[in-house]
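Asks: Got start22.cif for you, mmCIF, C-alpha atoms (C1' of nucleotides):
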data_start
#
loop_
_atom_site.label_atom_id
_atom_site.label_comp_id
_atom_site.auth_asym_id
_atom_site.auth_seq_id
_atom_site.Cartn_x
_atom_site.Cartn_y
_atom_site.Cartn_z
CA MET M 1 5.26 -29.89 -41.20
CA GLY M 2 3.43 -29.68 -37.89
CA ARG M 3 2.83 -26.88 -35.45
CA TRP M 4 5.55 -24.30 -34.90
CA GLU M 5 8.16 -25.35 -32.38
CA PRO M 6 9.09 -22.48 -30.11
CA ASN M 7 12.81 -21.94 -29.60
CA GLY M 8 14.49 -21.88 -26.20
CA ARG M 9 13.88 -18.23 -25.62
CA GLY M 10 10.20 -18.49 -26.51
CA ARG M 11 9.69 -21.54 -24.33
CA LEU M 12 11.30 -19.77 -21.40
CA ALA M 13 9.11 -16.69 -21.83
CA GLN M 14 5.99 -18.85 -22.10
CA ALA M 15 6.88 -20.97 -19.08
CA ALA M 16 7.71 -17.90 -17.03
CA LEU M 17 4.42 -16.14 -17.73
CA ASP M 18 2.46 -19.31 -17.06
CA LEU M 19 4.16 -19.89 -13.73
CA TYR M 20 3.91 -16.26 -12.69
CA VAL M 21 0.17 -16.39 -13.36
CA GLU M 22 -0.33 -19.77 -11.69
CA ARG M 23 1.52 -19.21 -8.46
CA GLY M 24 2.77 -15.63 -8.41
CA PHE M 25 6.08 -14.01 -9.28
CA ASP M 26 7.67 -14.33 -5.84
CA GLN M 27 6.65 -17.94 -5.47
CA THR M 28 8.31 -18.91 -8.74
CA THR M 29 12.02 -19.70 -8.93
CA VAL M 30 14.07 -19.37 -12.06
CA ALA M 31 15.00 -23.01 -11.72
CA GLU M 32 11.33 -23.93 -12.03
CA ILE M 33 10.89 -21.81 -15.13
CA ALA M 34 13.90 -23.41 -16.74
CA GLU M 35 12.72 -26.88 -15.82
CA ARG M 36 9.31 -26.31 -17.39
CA ALA M 37 11.00 -25.06 -20.54
CA GLY M 38 13.28 -28.10 -20.57
CA LEU M 39 16.40 -25.99 -20.09
CA THR M 40 18.70 -25.00 -17.25
CA GLU M 41 18.74 -21.96 -15.00
CA ARG M 42 21.98 -20.76 -16.54
CA THR M 43 20.36 -20.68 -19.96
CA PHE M 44 17.51 -18.54 -18.67
CA PHE M 45 20.03 -15.90 -17.69
CA ARG M 46 21.69 -16.05 -21.07
CA HIS M 47 18.43 -15.02 -22.70
CA PHE M 48 17.08 -12.58 -20.11
CA ALA M 49 19.00 -10.14 -17.95
CA ASP M 50 17.01 -11.09 -14.87
CA LYS M 51 13.90 -12.78 -13.61
CA ARG M 52 11.75 -9.72 -14.34
CA GLU M 53 13.02 -8.90 -17.80
CA VAL M 54 11.33 -11.94 -19.31
CA LEU M 55 8.01 -10.09 -18.98
CA PHE M 56 9.24 -7.13 -21.00
CA ASP M 57 10.55 -8.78 -24.10
CA GLY M 58 8.38 -6.72 -26.44
CA SER M 59 9.46 -3.35 -25.18
CA SER M 60 12.09 -2.66 -27.82
CA LEU M 61 9.56 -3.36 -30.54
CA LEU M 62 7.12 -0.95 -28.89
CA GLN M 63 9.78 1.70 -28.66
CA GLN M 64 10.76 1.31 -32.28
CA SER M 65 7.20 1.64 -33.42
CA MET M 66 6.62 4.78 -31.36
CA VAL M 67 9.83 6.43 -32.46
CA ASP M 68 9.09 5.70 -36.12
CA ALA M 69 5.66 7.27 -35.81
CA VAL M 70 7.05 10.43 -34.26
CA ALA M 71 9.73 10.71 -36.90
CA ALA M 72 7.13 10.23 -39.62
CA ALA M 73 4.81 12.98 -38.40
CA PRO M 74 4.32 15.79 -40.90
CA ALA M 75 6.84 18.61 -40.68
CA SER M 76 4.01 21.01 -40.00
CA ALA M 77 3.05 19.23 -36.77
CA SER M 78 3.53 21.03 -33.46
CA PRO M 79 5.84 19.38 -30.91
CA MET M 80 2.89 17.93 -29.02
CA GLU M 81 1.22 16.75 -32.21
CA ALA M 82 4.41 15.03 -33.30
CA ALA M 83 4.86 13.37 -29.92
CA ALA M 84 1.24 12.25 -29.85
CA ALA M 85 1.73 10.57 -33.22
CA ALA M 86 3.46 7.85 -31.20
CA LEU M 87 0.05 6.78 -29.96
CA GLU M 88 -1.42 6.05 -33.38
CA PRO M 89 0.13 2.66 -34.14
CA MET M 90 -0.76 1.30 -30.70
CA GLY M 91 -4.00 -0.34 -31.75
CA GLU M 92 -2.18 -2.12 -34.57
CA LEU M 93 0.40 -3.39 -32.11
CA PHE M 94 -1.80 -4.51 -29.24
CA ASP M 95 -5.42 -5.12 -30.16
CA GLN M 96 -4.71 -8.68 -31.35
CA ARG M 97 -3.06 -9.64 -28.06
CA ARG M 98 -5.42 -8.37 -25.47
CA ASP M 99 -5.63 -11.59 -23.44
CA PHE M 100 -1.87 -11.95 -23.39
CA ALA M 101 -1.67 -8.34 -22.21
CA ARG M 102 -4.23 -9.03 -19.53
CA ARG M 103 -2.40 -12.09 -18.20
CA ARG M 104 0.83 -10.17 -18.15
CA HIS M 105 -0.81 -7.21 -16.48
CA SER M 106 -2.35 -9.38 -13.79
CA VAL M 107 1.14 -10.44 -12.77
CA ILE M 108 2.79 -7.04 -12.93
CA SER M 109 0.04 -5.11 -11.20
CA VAL M 110 0.38 -6.97 -7.92
CA ASN M 111 4.16 -6.80 -7.67
CA PRO M 112 6.11 -3.64 -6.83
CA GLU M 113 9.37 -4.91 -8.33
CA LEU M 114 7.63 -5.55 -11.62
CA LYS M 115 5.97 -2.16 -11.55
CA GLU M 116 9.42 -0.66 -11.15
CA ARG M 117 10.60 -2.43 -14.25
CA GLU M 118 7.56 -1.30 -16.16
CA LEU M 119 8.13 2.29 -15.11
CA ILE M 120 11.72 2.34 -16.26
CA LYS M 121 10.61 0.98 -19.61
CA LEU M 122 8.16 3.85 -19.87
CA ALA M 123 10.90 6.30 -18.90
CA THR M 124 13.15 4.89 -21.60
CA LEU M 125 10.29 5.31 -24.05
CA THR M 126 9.93 8.89 -22.92
CA GLU M 127 13.60 9.61 -23.51
CA ALA M 128 13.49 8.00 -26.94
CA ILE M 129 10.58 10.17 -27.96
CA ALA M 130 12.22 13.28 -26.59
CA ALA M 131 15.35 12.43 -28.56
CA THR M 132 13.29 12.01 -31.72
CA LEU M 133 11.68 15.38 -31.12
CA HIS M 134 15.15 16.89 -30.79
CA GLU M 135 15.94 15.55 -34.23
CA ARG M 136 12.87 17.39 -35.45
CA GLY M 137 14.31 20.62 -34.05
CA VAL M 138 12.22 20.78 -30.89
CA ALA M 139 14.13 22.41 -28.00
CA GLU M 140 14.20 21.66 -24.28
CA PRO M 141 12.24 21.58 -22.12
CA ALA M 142 9.43 21.43 -24.66
CA ALA M 143 10.58 18.09 -26.04
CA SER M 144 10.77 16.39 -22.63
CA LEU M 145 7.46 17.79 -21.52
CA ALA M 146 5.67 16.76 -24.71
CA ALA M 147 7.22 13.27 -24.50
CA GLN M 148 6.29 13.01 -20.84
CA ALA M 149 2.71 14.02 -21.52
CA THR M 150 2.45 11.54 -24.37
CA ILE M 151 3.76 8.60 -22.39
CA GLY M 152 1.56 9.63 -19.50
CA VAL M 153 -1.43 9.33 -21.77
CA PHE M 154 -0.17 6.01 -23.10
CA HIS M 155 0.26 4.57 -19.62
CA VAL M 156 -3.07 5.70 -18.23
CA THR M 157 -4.86 4.54 -21.35
CA PHE M 158 -3.17 1.16 -21.47
CA GLN M 159 -4.32 0.56 -17.92
CA ARG M 160 -7.87 1.26 -18.94
CA TRP M 161 -7.58 -0.98 -21.99
CA VAL M 162 -6.52 -4.04 -19.98
CA ALA M 163 -9.07 -3.42 -17.25
CA PRO M 164 -11.69 -6.19 -16.99
CA GLY M 165 -14.88 -5.39 -18.86
CA GLU M 166 -13.31 -2.81 -21.17
CA THR M 167 -14.07 -3.71 -24.77
CA ARG M 168 -13.23 -0.59 -26.77
CA GLU M 169 -10.13 -0.70 -28.91
CA LEU M 170 -6.87 0.88 -27.86
CA GLY M 171 -6.78 3.53 -30.57
CA GLU M 172 -10.16 4.87 -29.62
CA LEU M 173 -9.23 5.07 -25.95
CA MET M 174 -5.96 6.81 -26.82
CA ARG M 175 -7.73 9.54 -28.77
CA GLU M 176 -10.19 10.00 -25.95
CA SER M 177 -7.50 10.40 -23.28
CA LEU M 178 -5.52 12.78 -25.40
CA ALA M 179 -8.53 15.02 -25.78
CA GLU M 180 -9.02 14.89 -22.01
CA LEU M 181 -5.45 15.96 -21.41
CA LYS M 182 -5.84 18.98 -23.63
CA ALA M 183 -8.99 19.93 -21.79
CA VAL M 184 -7.44 19.50 -18.37
CA VAL M 185 -4.14 21.32 -18.78
CA ARG M 186 -4.73 24.98 -19.18
CA MET F 1 26.42 18.07 25.81
CA GLY F 2 28.45 17.54 22.68
CA ARG F 3 27.49 17.14 19.06
CA TRP F 4 24.40 15.14 18.20
CA GLU F 5 24.96 11.39 18.07
CA PRO F 6 23.17 9.86 15.10
CA ASN F 7 21.14 6.75 15.87
CA GLY F 8 21.65 3.44 14.14
CA ARG F 9 19.34 4.22 11.29
CA GLY F 10 20.99 7.58 10.64
CA ARG F 11 24.48 6.12 10.76
CA LEU F 12 23.48 3.42 8.29
CA ALA F 13 22.01 5.94 5.86
CA GLN F 14 25.09 8.13 6.12
CA ALA F 15 27.51 5.24 5.69
CA ALA F 16 25.54 3.93 2.72
CA LEU F 17 25.52 7.23 0.85
CA ASP F 18 29.21 7.79 1.54
CA LEU F 19 30.16 4.35 0.25
CA TYR F 20 27.88 4.58 -2.78
CA VAL F 21 29.54 7.87 -3.69
CA GLU F 22 33.07 6.64 -2.98
CA ARG F 23 33.03 3.37 -4.85
CA GLY F 24 29.67 3.03 -6.56
CA PHE F 25 26.44 1.25 -5.66
CA ASP F 26 27.29 -2.11 -7.20
CA GLN F 27 30.75 -2.18 -5.68
CA THR F 28 29.37 -1.70 -2.18
CA THR F 29 28.08 -4.62 -0.12
CA VAL F 30 25.55 -4.29 2.65
CA ALA F 31 28.06 -5.88 5.00
CA GLU F 32 30.45 -2.98 4.32
CA ILE F 33 27.77 -0.39 5.02
CA ALA F 34 26.90 -2.07 8.28
CA GLU F 35 30.52 -2.33 9.29
CA ARG F 36 31.14 1.37 8.69
CA ALA F 37 28.06 2.18 10.77
CA GLY F 38 29.30 -0.12 13.54
CA LEU F 39 26.35 -2.48 13.13
CA THR F 40 25.57 -5.79 11.47
CA GLU F 41 24.11 -6.61 8.09
CA ARG F 42 20.97 -7.98 9.71
CA THR F 43 20.32 -4.66 11.40
CA PHE F 44 20.57 -2.83 8.09
CA PHE F 45 17.68 -4.90 6.78
CA ARG F 46 15.63 -4.18 9.87
CA HIS F 47 15.79 -0.47 9.07
CA PHE F 48 15.59 -0.55 5.30
CA ALA F 49 13.64 -2.89 3.08
CA ASP F 50 16.58 -3.39 0.74
CA LYS F 51 19.93 -2.01 -0.33
CA ARG F 52 18.31 0.66 -2.51
CA GLU F 53 15.68 1.90 -0.14
CA VAL F 54 18.26 3.57 2.10
CA LEU F 55 18.58 6.30 -0.56
CA PHE F 56 14.87 7.09 -0.47
CA ASP F 57 14.27 7.66 3.19
CA GLY F 58 12.81 11.14 2.72
CA SER F 59 10.17 10.14 0.21
CA SER F 60 7.29 9.82 2.64
CA LEU F 61 7.99 13.31 3.95
CA LEU F 62 7.99 14.64 0.39
CA GLN F 63 4.71 12.90 -0.33
CA GLN F 64 3.08 14.28 2.80
CA SER F 65 4.12 17.80 1.97
CA MET F 66 2.80 17.57 -1.59
CA VAL F 67 -0.49 16.03 -0.55
CA ASP F 68 -1.02 18.69 2.11
CA ALA F 69 -0.43 21.45 -0.41
CA VAL F 70 -2.95 20.00 -2.85
CA ALA F 71 -5.52 19.57 -0.12
CA ALA F 72 -4.97 23.15 1.02
CA ALA F 73 -5.46 24.70 -2.42
CA PRO F 74 -8.42 27.09 -2.61
CA ALA F 75 -11.74 25.50 -3.47
CA SER F 76 -11.95 27.71 -6.52
CA ALA F 77 -8.80 26.20 -8.06
CA SER F 78 -9.13 24.14 -11.22
CA PRO F 79 -7.95 20.50 -11.06
CA MET F 80 -4.62 21.39 -12.66
CA GLU F 81 -4.17 24.42 -10.40
CA ALA F 82 -4.83 22.29 -7.35
CA ALA F 83 -2.41 19.59 -8.49
CA ALA F 84 0.26 22.14 -9.29
CA ALA F 85 -0.04 23.53 -5.76
CA ALA F 86 2.04 20.46 -4.80
CA LEU F 87 5.04 22.17 -6.37
CA GLU F 88 4.97 25.26 -4.18
CA PRO F 89 6.53 23.91 -0.97
CA MET F 90 9.38 22.25 -2.88
CA GLY F 91 11.83 25.12 -2.42
CA GLU F 92 11.19 25.10 1.30
CA LEU F 93 11.88 21.38 1.42
CA PHE F 94 14.97 21.14 -0.77
CA ASP F 95 16.85 24.40 -1.19
CA GLN F 96 18.80 23.93 2.05
CA ARG F 97 20.02 20.45 1.07
CA ARG F 98 21.22 20.96 -2.44
CA ASP F 99 24.63 19.33 -1.97
CA PHE F 100 23.09 16.30 -0.30
CA ALA F 101 20.67 16.10 -3.21
CA ARG F 102 23.54 16.34 -5.67
CA ARG F 103 25.53 13.57 -4.00
CA ARG F 104 22.48 11.37 -3.90
CA HIS F 105 21.65 12.16 -7.50
CA SER F 106 25.18 11.36 -8.65
CA VAL F 107 24.69 7.83 -7.34
CA ILE F 108 21.19 7.26 -8.65
CA SER F 109 21.73 8.72 -12.09
CA VAL F 110 24.33 6.14 -13.09
CA ASN F 111 22.43 3.07 -11.89
CA PRO F 112 19.36 1.62 -13.62
CA GLU F 113 18.17 -0.24 -10.52
CA LEU F 114 18.19 2.98 -8.56
CA LYS F 115 16.40 4.83 -11.31
CA GLU F 116 13.71 2.18 -11.14
CA ARG F 117 13.26 2.82 -7.45
CA GLU F 118 13.11 6.55 -8.02
CA LEU F 119 10.47 6.11 -10.69
CA ILE F 120 8.21 4.03 -8.50
CA LYS F 121 8.47 6.67 -5.81
CA LEU F 122 7.35 9.24 -8.33
CA ALA F 123 4.49 6.98 -9.40
CA THR F 124 3.41 6.60 -5.79
CA LEU F 125 3.49 10.37 -5.49
CA THR F 126 1.36 10.62 -8.59
CA GLU F 127 -1.23 8.27 -7.16
CA ALA F 128 -1.30 10.12 -3.86
CA ILE F 129 -1.97 13.40 -5.62
CA ALA F 130 -4.64 11.86 -7.81
CA ALA F 131 -6.30 10.48 -4.69
CA THR F 132 -6.23 13.90 -3.07
CA LEU F 133 -7.80 15.39 -6.16
CA HIS F 134 -10.54 12.78 -5.93
CA GLU F 135 -11.27 14.01 -2.42
CA ARG F 136 -11.67 17.47 -3.91
CA GLY F 137 -14.30 16.07 -6.27
CA VAL F 138 -12.16 15.81 -9.37
CA ALA F 139 -13.20 12.88 -11.58
CA GLU F 140 -11.17 10.45 -13.68
CA PRO F 141 -9.28 10.64 -15.91
CA ALA F 142 -8.80 14.33 -15.17
CA ALA F 143 -7.32 13.66 -11.74
CA SER F 144 -4.76 11.15 -12.98
CA LEU F 145 -3.77 13.29 -15.92
CA ALA F 146 -3.35 16.41 -13.81
CA ALA F 147 -1.33 14.48 -11.24
CA GLN F 148 0.79 12.94 -13.96
CA ALA F 149 1.49 16.31 -15.53
CA THR F 150 2.40 17.77 -12.16
CA ILE F 151 4.83 15.03 -11.21
CA GLY F 152 6.26 15.16 -14.71
CA VAL F 153 7.05 18.81 -14.16
CA PHE F 154 8.48 18.03 -10.72
CA HIS F 155 10.77 15.35 -12.09
CA VAL F 156 12.08 17.30 -15.05
CA THR F 157 12.62 20.36 -12.91
CA PHE F 158 14.35 18.52 -10.10
CA GLN F 159 16.80 17.15 -12.63
CA ARG F 160 17.60 20.66 -13.78
CA TRP F 161 17.97 21.86 -10.19
CA VAL F 162 20.62 19.28 -9.29
CA ALA F 163 22.50 19.74 -12.56
CA PRO F 164 26.01 21.11 -12.07
CA GLY F 165 26.21 24.87 -12.54
CA GLU F 166 22.54 25.50 -11.90
CA THR F 167 22.16 28.11 -9.17
CA ARG F 168 18.53 29.22 -9.37
CA GLU F 169 16.25 28.09 -6.59
CA LEU F 170 13.83 25.22 -6.99
CA GLY F 171 10.65 27.26 -6.70
CA GLU F 172 11.67 29.55 -9.51
CA LEU F 173 12.51 26.63 -11.79
CA MET F 174 9.22 24.94 -10.96
CA ARG F 175 7.19 27.99 -11.97
CA GLU F 176 9.16 28.27 -15.18
CA SER F 177 8.60 24.63 -16.17
CA LEU F 178 4.93 24.80 -15.37
CA ALA F 179 4.52 27.77 -17.68
CA GLU F 180 6.37 25.85 -20.39
CA LEU F 181 4.04 22.89 -20.03
CA LYS F 182 1.00 25.06 -20.49
CA ALA F 183 2.53 26.55 -23.62
CA VAL F 184 3.50 23.19 -25.06
CA VAL F 185 0.37 21.12 -24.63
CA ARG F 186 -2.21 21.87 -27.30
"C1'" DT G 1 36.97 -32.77 -43.27
"C1'" DA G 2 38.60 -29.47 -40.13
"C1'" DG G 3 37.46 -25.63 -38.05
"C1'" DG G 4 34.32 -22.07 -36.41
"C1'" DC G 5 30.26 -20.90 -34.12
"C1'" DG G 6 26.07 -20.65 -31.51
"C1'" DA G 7 23.11 -22.81 -28.11
"C1'" DG G 8 23.26 -25.02 -24.17
"C1'" DG G 9 25.17 -27.66 -19.81
"C1'" DT G 10 28.01 -27.98 -15.39
"C1'" DC G 11 30.08 -26.26 -11.39
"C1'" DA G 12 31.51 -23.06 -7.92
"C1'" DG G 13 30.68 -19.06 -5.54
"C1'" DC G 14 29.22 -14.23 -4.10
"C1'" DG G 15 25.89 -11.19 -2.34
"C1'" DC G 16 21.01 -10.01 -1.13
"C1'" DC G 17 17.62 -10.99 1.93
"C1'" DT G 18 14.84 -13.67 5.56
"C1'" DG G 19 13.25 -16.48 9.62
"C1'" DA G 20 14.19 -18.01 14.11
"C1'" DC G 21 16.21 -17.41 18.27
"C1'" DA G 22 19.35 -15.11 21.73
"C1'" DT G 23 21.19 -10.98 24.21
"C1'" DC G 24 21.26 -6.70 26.56
"C1'" DG G 25 20.12 -2.42 28.48
"C1'" DA G 26 16.50 1.02 29.57
"C1'" DA G 27 12.13 1.99 31.19
"C1'" DC G 28 8.45 0.69 34.05
"C1'" DC G 29 5.82 -1.44 37.73
"C1'" DC G 30 5.28 -3.38 42.34
"C1'" DG Z 1 15.37 -3.16 44.75
"C1'" DG Z 2 13.82 -6.90 41.93
"C1'" DG Z 3 11.21 -8.48 38.41
"C1'" DT Z 4 9.29 -7.49 33.89
"C1'" DT Z 5 8.58 -5.87 29.54
"C1'" DC Z 6 10.21 -3.96 25.35
"C1'" DG Z 7 12.99 -2.19 21.67
"C1'" DA Z 8 17.26 -2.45 19.39
"C1'" DT Z 9 20.78 -5.42 18.07
"C1'" DG Z 10 23.54 -9.78 17.40
"C1'" DT Z 11 24.07 -14.72 15.67
"C1'" DC Z 12 23.23 -18.41 12.71
"C1'" DA Z 13 21.48 -20.99 8.90
"C1'" DG Z 14 19.81 -21.04 4.51
"C1'" DG Z 15 17.22 -19.96 -0.01
"C1'" DC Z 16 17.48 -17.67 -4.17
"C1'" DG Z 17 19.23 -14.50 -7.87
"C1'" DC Z 18 22.84 -13.99 -10.65
"C1'" DT Z 19 27.73 -14.53 -12.69
"C1'" DG Z 20 32.30 -16.27 -14.39
"C1'" DA Z 21 34.82 -19.99 -16.20
"C1'" DC Z 22 34.96 -23.87 -18.66
"C1'" DC Z 23 33.01 -27.77 -21.36
"C1'" DT Z 24 29.87 -30.29 -24.94
"C1'" DC Z 25 27.57 -30.91 -29.03
"C1'" DG Z 26 25.53 -30.22 -33.42
"C1'" DC Z 27 25.53 -27.51 -37.61
"C1'" DC Z 28 27.44 -24.79 -41.23
"C1'" DT Z 29 30.94 -23.73 -44.30
"C1'" DA Z 30 35.63 -23.00 -46.43
#
Rewrite the structure from the file as structure tokens, please.
Replies:
Amino acid sequence: MGRWEPNGRGRLAQAALDLYVERGFDQTTVAEIAERAGLTERTFFRHFADKREVLFDGSSLLQQSMVDAVAAAPASASPMEAAAAALEPMGELFDQRRDFARRRHSVISVNPELKERELIKLATLTEAIAATLHERGVAEPAASLAAQATIGVFHVTFQRWVAPGETRELGELMRESLAELKAVVR
Amino acid sequence: MGRWEPNGRGRLAQAALDLYVERGFDQTTVAEIAERAGLTERTFFRHFADKREVLFDGSSLLQQSMVDAVAAAPASASPMEAAAAALEPMGELFDQRRDFARRRHSVISVNPELKERELIKLATLTEAIAATLHERGVAEPAASLAAQATIGVFHVTFQRWVAPGETRELGELMRESLAELKAVVR
DNA sequence: TAGGCGAGGTCAGCGCCTGACATCGAACCC
DNA sequence: GGGTTCGATGTCAGGCGCTGACCTCGCCTA
């Protein structure tokens, strides 16, 4: 058999990213995305909640991987150590897709609406980690604060990782930022 | 002269909040807001960028007050101390408007789109504080991390302050959360 | 082979938001 | 006073995002 044939959802996501990169998010209509994918506008909205969501398809996978890591941290770990365990699988998850991440980032970073969506994804991540810390017996507000600090590190570090010219791997950058945070907060 | 007559902008903001509380954000159309304010839909959009923005009219004032506080921190303050100075004027700014804040919060907290907008306001705040820290000679990533931690504390604490039953003042809660953060990170 | 089911198409319509142009009253200038 | 400018608002037309309701078609399975 030949090359893999992407399904409707995959074609839509691909077409959307391509068009957003080519001519900008605002200058792209959903009808155009659907047309390039060989489908109709209505079908786009059956797969994605809105025009922005198509750029955030991987977020549930990311969340699952973070939550699993926190849950799997040794029982002896402090709340902050457990939360920070979420950062360990990040290299695994992202290092192979750096150019995809960069294309995606180039679209999001110039559009306030897309930044909003990104931020709420990060907030959801934060809540998920806080909830996992609760299950480990961590009380409030320690759980929320540790989760917040962890996702703060993730966000800042991800930005550095997609920046042009940066070649270090994500895991290394994560460990570096985390050390910085500990040094700064006192 | 009689009671103060609110201008168009003020009437629109008031009508919007009232309607959002009465029947929910999604169930309110901009045309209805305008009608209650005695104006037209077009005029609403001349005053506010979109249907959500009307709930965030005070954000530039908040940002200014935080930035000023950071800039005014003593030169001897550490980066985190300087950033955390942004939290001190919060009681001044909010304690007199707690019921307004609660009404507003009751609308935002049940609507993802509105949470998105709130989050980007917080992110803008974070950047403004980081920039102010830069002017104080703080380098990256320390400035971003300190700003992030500070706004994280602000957000978590504000949520507690508007929670039903909470009677303590904002300043007190802020100091408490900040102490927690220091204890938790490390 | 009939029926279920999942992916997709078609159509109609609401509501958000914008550009272009018109109106009107207050302030300002001569 | 009369003209002028200017800011706030109204009117109109229209694009686009998004949704509900209903239909088609191919595939799987009892």
Asks: Up to 12 Å from chain F, what residues of chain Z turn up? Count all atoms listed in the file and give them as a list in words.
Replies: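 Filtering chain Z at 12 Å from chain F with all atoms listed in the file gives DA8, DT9, DG10, DT11 and DC12 of chain Z.
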Asks: Pull out every residue that the PyMOL selection byres ((chain M) within 9 of (chain F)) matches in the shown coordinates and put them as a PyMOL selection string.
Replies: chain M and resi 78-81+112-113+115-120+123+141-146+148-149+152-153+156+177+180-186
Asks: Please enumerate the residues selected by the PyMOL selection byres ((chain G) within 10 of (chain F)) when evaluated against the supplied file, formatted as a list in words.
Replies: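 Checking the PyMOL selection byres ((chain G) within 10 of (chain F)) against this file, the residues are DG15, DC16, DC17 and DT18 of chain G.
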Asks: Quick one: of M:Gln64, M:Ser109, M:Gln159, M:Thr132, who's nearest to Leu93 in chain M, counting all atoms listed in the file?
Replies: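 Distance minimum relative to Leu93 in chain M lands on M:Gln64.
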Asks: For CA of Arg9 in chain M and CA of His47 in chain M, quote the distance in Å rounded to one decimal.
Replies: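 Between CA of Arg9 in chain M and CA of His47 in chain M the gap is 6.3 Å.
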Asks: Around all listed atoms of range 71-85 of chain F, padded 3 Å per side, what centre and edge lengths does the axis-aligned box have in Å to one decimal, as AutoDock Vina command-line options?
Replies:
--center_x -5.8 --center_y 23.6 --center_z -5.8 --size_x 18.2 --size_y 14.1 --size_z 19.7
Asks: Can I get range 176-181 of chain M with all heavy atoms filled in, as a JSON list (two decimals), in the coordinates of the input?
Replies:
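Wrote out.json, looks like this:
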[["chain", "number", "residue", "atom", "x", "y", "z"],
["M", 176, "GLU", "N", -9.34, 9.44, -27.00],
["M", 176, "GLU", "CA", -10.19, 10.00, -25.95],
["M", 176, "GLU", "C", -9.34, 10.63, -24.83],
["M", 176, "GLU", "O", -9.57, 11.76, -24.41],
["M", 176, "GLU", "CB", -11.09, 8.89, -25.38],
["M", 176, "GLU", "CG", -12.12, 9.37, -24.39],
["M", 176, "GLU", "CD", -13.00, 8.21, -23.94],
["M", 176, "GLU", "OE1", -13.56, 7.52, -24.82],
["M", 176, "GLU", "OE2", -13.11, 7.99, -22.72],
["M", 177, "SER", "N", -8.34, 9.90, -24.37],
["M", 177, "SER", "CA", -7.50, 10.40, -23.28],
["M", 177, "SER", "C", -6.73, 11.65, -23.69],
["M", 177, "SER", "O", -6.56, 12.58, -22.89],
["M", 177, "SER", "CB", -6.50, 9.33, -22.85],
["M", 177, "SER", "OG", -7.17, 8.23, -22.27],
["M", 178, "LEU", "N", -6.28, 11.64, -24.92],
["M", 178, "LEU", "CA", -5.52, 12.78, -25.40],
["M", 178, "LEU", "C", -6.38, 14.05, -25.39],
["M", 178, "LEU", "O", -5.93, 15.13, -24.98],
["M", 178, "LEU", "CB", -5.01, 12.49, -26.81],
["M", 178, "LEU", "CG", -3.94, 13.42, -27.37],
["M", 178, "LEU", "CD1", -2.73, 13.45, -26.43],
["M", 178, "LEU", "CD2", -3.51, 12.94, -28.75],
["M", 179, "ALA", "N", -7.62, 13.88, -25.80],
["M", 179, "ALA", "CA", -8.53, 15.02, -25.78],
["M", 179, "ALA", "C", -8.75, 15.50, -24.34],
["M", 179, "ALA", "O", -8.77, 16.71, -24.06],
["M", 179, "ALA", "CB", -9.87, 14.64, -26.43],
["M", 180, "GLU", "N", -8.86, 14.55, -23.43],
["M", 180, "GLU", "CA", -9.02, 14.89, -22.01],
["M", 180, "GLU", "C", -7.84, 15.71, -21.52],
["M", 180, "GLU", "O", -8.00, 16.70, -20.81],
["M", 180, "GLU", "CB", -9.12, 13.61, -21.16],
["M", 180, "GLU", "CG", -10.42, 12.87, -21.29],
["M", 180, "GLU", "CD", -11.43, 13.34, -20.25],
["M", 180, "GLU", "OE1", -11.14, 14.31, -19.51],
["M", 180, "GLU", "OE2", -12.52, 12.74, -20.19],
["M", 181, "LEU", "N", -6.66, 15.25, -21.87],
["M", 181, "LEU", "CA", -5.45, 15.96, -21.41],
["M", 181, "LEU", "C", -5.47, 17.41, -21.86],
["M", 181, "LEU", "O", -5.22, 18.32, -21.08],
["M", 181, "LEU", "CB", -4.19, 15.27, -21.95],
["M", 181, "LEU", "CG", -2.89, 16.02, -21.64],
["M", 181, "LEU", "CD1", -2.63, 16.03, -20.15],
["M", 181, "LEU", "CD2", -1.70, 15.42, -22.38]]
